[in-house]
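Chemist: Following this message is one structure expressed as structure tokens.
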Amino acid sequence: MSNEKIRFGIVGTGVISAFHIKALQQIEEVELVTICDIVEEKAKQYGDKYNLDWTTNYDKMINDQNIDVISVVVPSGLHADLGIKAANAGKHVVVEKPIDITLEKADALIEACKKNIVTLGVISQLRFYDSMLKVYEIVNSGKLGKVIQGDAYIKWYRSEEYYRSGGWRGTKKMDGGGAFMNQGVHYIDLLLSVMGSVKSVISKVKTVARNIEVEDIGMAMIEFNSGALGVIQASTAMYPGLPARLEIHGTKGTIIFEGEVIKLVDIEGEESYQKENVDAKGAANPSNIDVSPYVREYNDILSAIKENREPKVSGTEARKALELILAIYKSSELNKAVELPLRNE
Ligand SMILES: NC(=O)c1ccc[n+]([C@@H]2O[C@H](COP(=O)([O-])OP(=O)(O)OC[C@H]3O[C@@H](n4cnc5c(N)ncnc54)[C@H](O)[C@@H]3O)[C@@H](O)[C@H]2O)c1
């Protein structure tokens, strides 16, 4: 494969699919071949707009010998189903976040990719911002001292129209959850990538403002296995929507990542850095997404395929955020603390 283009097919031509297309079209070694959607009109519209073959027949696309990788960009509850089909057809697989909405299906996808010796990457593009790479660098340098708390605040706003814009949004069956599973997962993944694994969680989630089956507000208190504590607050009902924030506190310093930039670095004995105004970015509009971190994540996945290694956000890595989110739901439902790893999920 080394001198040849790596050829992609994308399934799903909704809101976020355009970012995948734009990212893949920027990568020299990639050829985006086919786009697929169950709705013919949508598949044709994207095919014509981006000059791609289009189809409504997913089985045909995954069995096309001219395609090496399938990107799954459909409602969250279908990620594993379509990903497993692609893996069984011998294709490498990229799925959007969350990896899926149940651990059973996430595990089945991870297993199918392993069995078929194909690569699985899960989109979590925030990990690939320069600013986030800087957060990892500072935390790993030890300059914050002992890290004692890590928090994620995702106080966003999604209108009733947003939920009505796709039949699957806000449903238990296809969205699997709300402010935590759909929106919060980005920052929950970041929090775990900095703070490590979770020992236990106690939480409360509710639906207070939208006509949906899933939560639009909630909070969780976390104990990490490192001994550090953490708070996660997530909502899609907080007008006008604030920039999401990750706050990492140590005995010798604090770093705040807000709205995808570094907002504050204050380390004992060093000059502090503070940024005044931070854009709200995705806080009120899900289409307000930067394509460059997608390009970087795809580049990492392409290198992983060539080097026969796991991508940075592998299936196993992405599963961690899903497990924590399900533990948050379970704790709220049982009204008591829940220990990880989850059993019988
Ligand atoms: N990484 C991010 O920042 C980000 C942002 C938004 C959405 N997402 C994720 O992307 C996924 C898609 O979200 P969206 O907002 O683009 O949804 P959407 O509703 O706008 O688009 C989904 C598309 O999938 C198609 N589809 C549904 N079932 C299908 C099937 N069986 N076969 C083929 N096509 C099918 C629909 O017709 C629709 O065109 C979700 O999992 C969501 O969580 C990620």
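Ordering of the structure tokens sets the chain letters (A, B, ...), residue numbers begin anew at 1 in every chain, and ligands are numbered from 1 in the order given.
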Taking only C-alpha atoms and all ligand atoms into account, which residues have an atom no farther than 8 Å from ligand 1? I'd like them as a ChimeraX atom specification.
Modeler: /A:11-17,36-39,42-43,56,58,72-79,82,95-98,100,123-125,165-169,175,182-183,186,286-287,289
Chemist: Hey, what's within 10 Å of Asp53 in chain A if we count only C-alpha atoms and toss same-chain stuff fewer than 2 positions away? As a PyMOL selection string, please?
Modeler: chain A and resi 9+32-36+43-44+46-48+50-51+55+61
Chemist: Can you pull out the residues contacting Tyr157 in chain A? Cut-off 12 Å, using only C-alpha atoms, and skip same-chain residues under 3 positions away; I want them as JSON, numbers by chain.
Modeler: {"A": [154, 160, 161, 162, 163, 178, 179, 183, 184, 209, 210, 216, 217, 234, 235, 236, 237, 238, 239, 240, 241, 242, 243, 244, 280, 281, 282, 283, 284, 285, 286]}
Chemist: Could you give me, as a PyMOL selection string, the residues within 10 Å of Thr254 in chain A, counting only C-alpha atoms and dropping anything in the same chain fewer than 4 positions from it?
Modeler: chain A and resi 138-139+143-145+147+149-150+247-250+264-268+272
Chemist: For CA of Glu104 in chain A and CA of Ile328 in chain A, quote the distance in Å rounded to one decimal.
Modeler: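 Interatomic distance here is 17.0 Å.
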Chemist: Return the single residue from A:Ile305, A:Ile117, A:Val231, A:Val278 that is closest to Glu260 in chain A, with distances computed using only C-alpha atoms.
Modeler: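 Result for the nearest residue to Glu260 in chain A: A:Val278.
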Chemist: Provide the CA of Thr102 in chain A to CA of Tyr187 in chain A distance in Å, to one decimal place.
Modeler: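 Taking CA of Thr102 in chain A as the start and CA of Tyr187 in chain A as the end point, the length is 18.8 Å.
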Chemist: I'd like the interatomic distance between CA of Val338 in chain A and CA of Val201 in chain A, to a tenth of an Å.
Modeler: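 Atom-to-atom, CA of Val338 in chain A and CA of Val201 in chain A are spaced 5.4 Å apart.
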Chemist: Quick one: which range 115-202 of chain A residues come within 10 Å of range 256-259 of chain A, and what is the nearest atom pair for each with the distance in Å to one decimal, counting only C-alpha atoms, rows ordered by chain and ascending number, as a tab-separated table?
Modeler:
residue	atom	partner	partner_atom	distance
A:Ser131	CA	A:Phe257	CA	7.7
A:Met132	CA	A:Phe257	CA	7.3
A:Lys134	CA	A:Phe257	CA	9.7
A:Val135	CA	A:Phe257	CA	7.5
A:Gly150	CA	A:Ile256	CA	9.8
A:Asp151	CA	A:Ile256	CA	9.5
A:Ala152	CA	A:Phe257	CA	9.5
A:Tyr153	CA	A:Glu258	CA	9.2
A:Ile154	CA	A:Gly259	CA	9.8
Chemist: Choose the residue, out of A:Ala106, A:Ala112, A:Ile99, A:Leu342, that has the smallest atom-to-atom separation from Ile84 in chain A; count only C-alpha atoms.
Modeler: A:Ala112
Chemist: Could you list, as a list of chain:residue names, every residue within 12 Å of Lys114 in chain A, counting only C-alpha atoms and ignoring same-chain residues fewer than 5 positions away?
Modeler: A:Ile84, A:Ala87, A:Asn88, A:Gly90, A:Lys91, A:His92, A:Val93, A:Asp107, A:Ala108, A:Leu109, A:Thr119, A:Leu120, A:Asn308, A:Arg309, A:Glu310, A:Ser314, A:Gly315, A:Thr316
Chemist: Keeping only C-alpha atoms, write the selected residues to a file as a PDB file, in the first residue's frame.
Modeler:
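The new file again_16.pdb reads:
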ATOM      1  CA  ILE A  84     -18.497  -4.600  12.094  1.00  0.00           C
ATOM      2  CA  ALA A  87     -14.384  -5.015   9.245  1.00  0.00           C
ATOM      3  CA  ASN A  88     -15.851  -8.367   8.166  1.00  0.00           C
ATOM      4  CA  GLY A  90     -11.761  -6.619   5.311  1.00  0.00           C
ATOM      5  CA  LYS A  91     -11.863  -2.810   5.499  1.00  0.00           C
ATOM      6  CA  HIS A  92     -10.149  -0.620   8.065  1.00  0.00           C
ATOM      7  CA  VAL A  93     -12.743   1.269  10.087  1.00  0.00           C
ATOM      8  CA  ASP A 107     -16.659  -4.630  22.374  1.00  0.00           C
ATOM      9  CA  ALA A 108     -18.113  -6.477  19.379  1.00  0.00           C
ATOM     10  CA  LEU A 109     -16.677  -3.788  17.065  1.00  0.00           C
ATOM     11  CA  THR A 119      -7.374  -0.915  12.132  1.00  0.00           C
ATOM     12  CA  LEU A 120     -10.101   0.802  14.161  1.00  0.00           C
ATOM     13  CA  ASN A 308       0.451  -1.722  11.842  1.00  0.00           C
ATOM     14  CA  ARG A 309      -0.056  -0.060  15.225  1.00  0.00           C
ATOM     15  CA  GLU A 310      -3.057   1.217  17.169  1.00  0.00           C
ATOM     16  CA  SER A 314      -8.197   3.304  19.222  1.00  0.00           C
ATOM     17  CA  GLY A 315     -11.375   1.390  19.987  1.00  0.00           C
ATOM     18  CA  THR A 316     -10.071   0.470  23.442  1.00  0.00           C
TER      19      THR A 316
END
Chemist: Determine which residues of range 106-185 of chain A receive a DSSP assignment of strand (DSSP E), computed from the backbone, and state them as a ChimeraX atom specification.
Modeler: /A:120-122,147-155
Chemist: Hey, which of A:Ile301, A:Ile62, A:Leu229, A:Val214 ends up closest to Val313 in chain A? Count only C-alpha atoms.
Modeler: A:Ile301
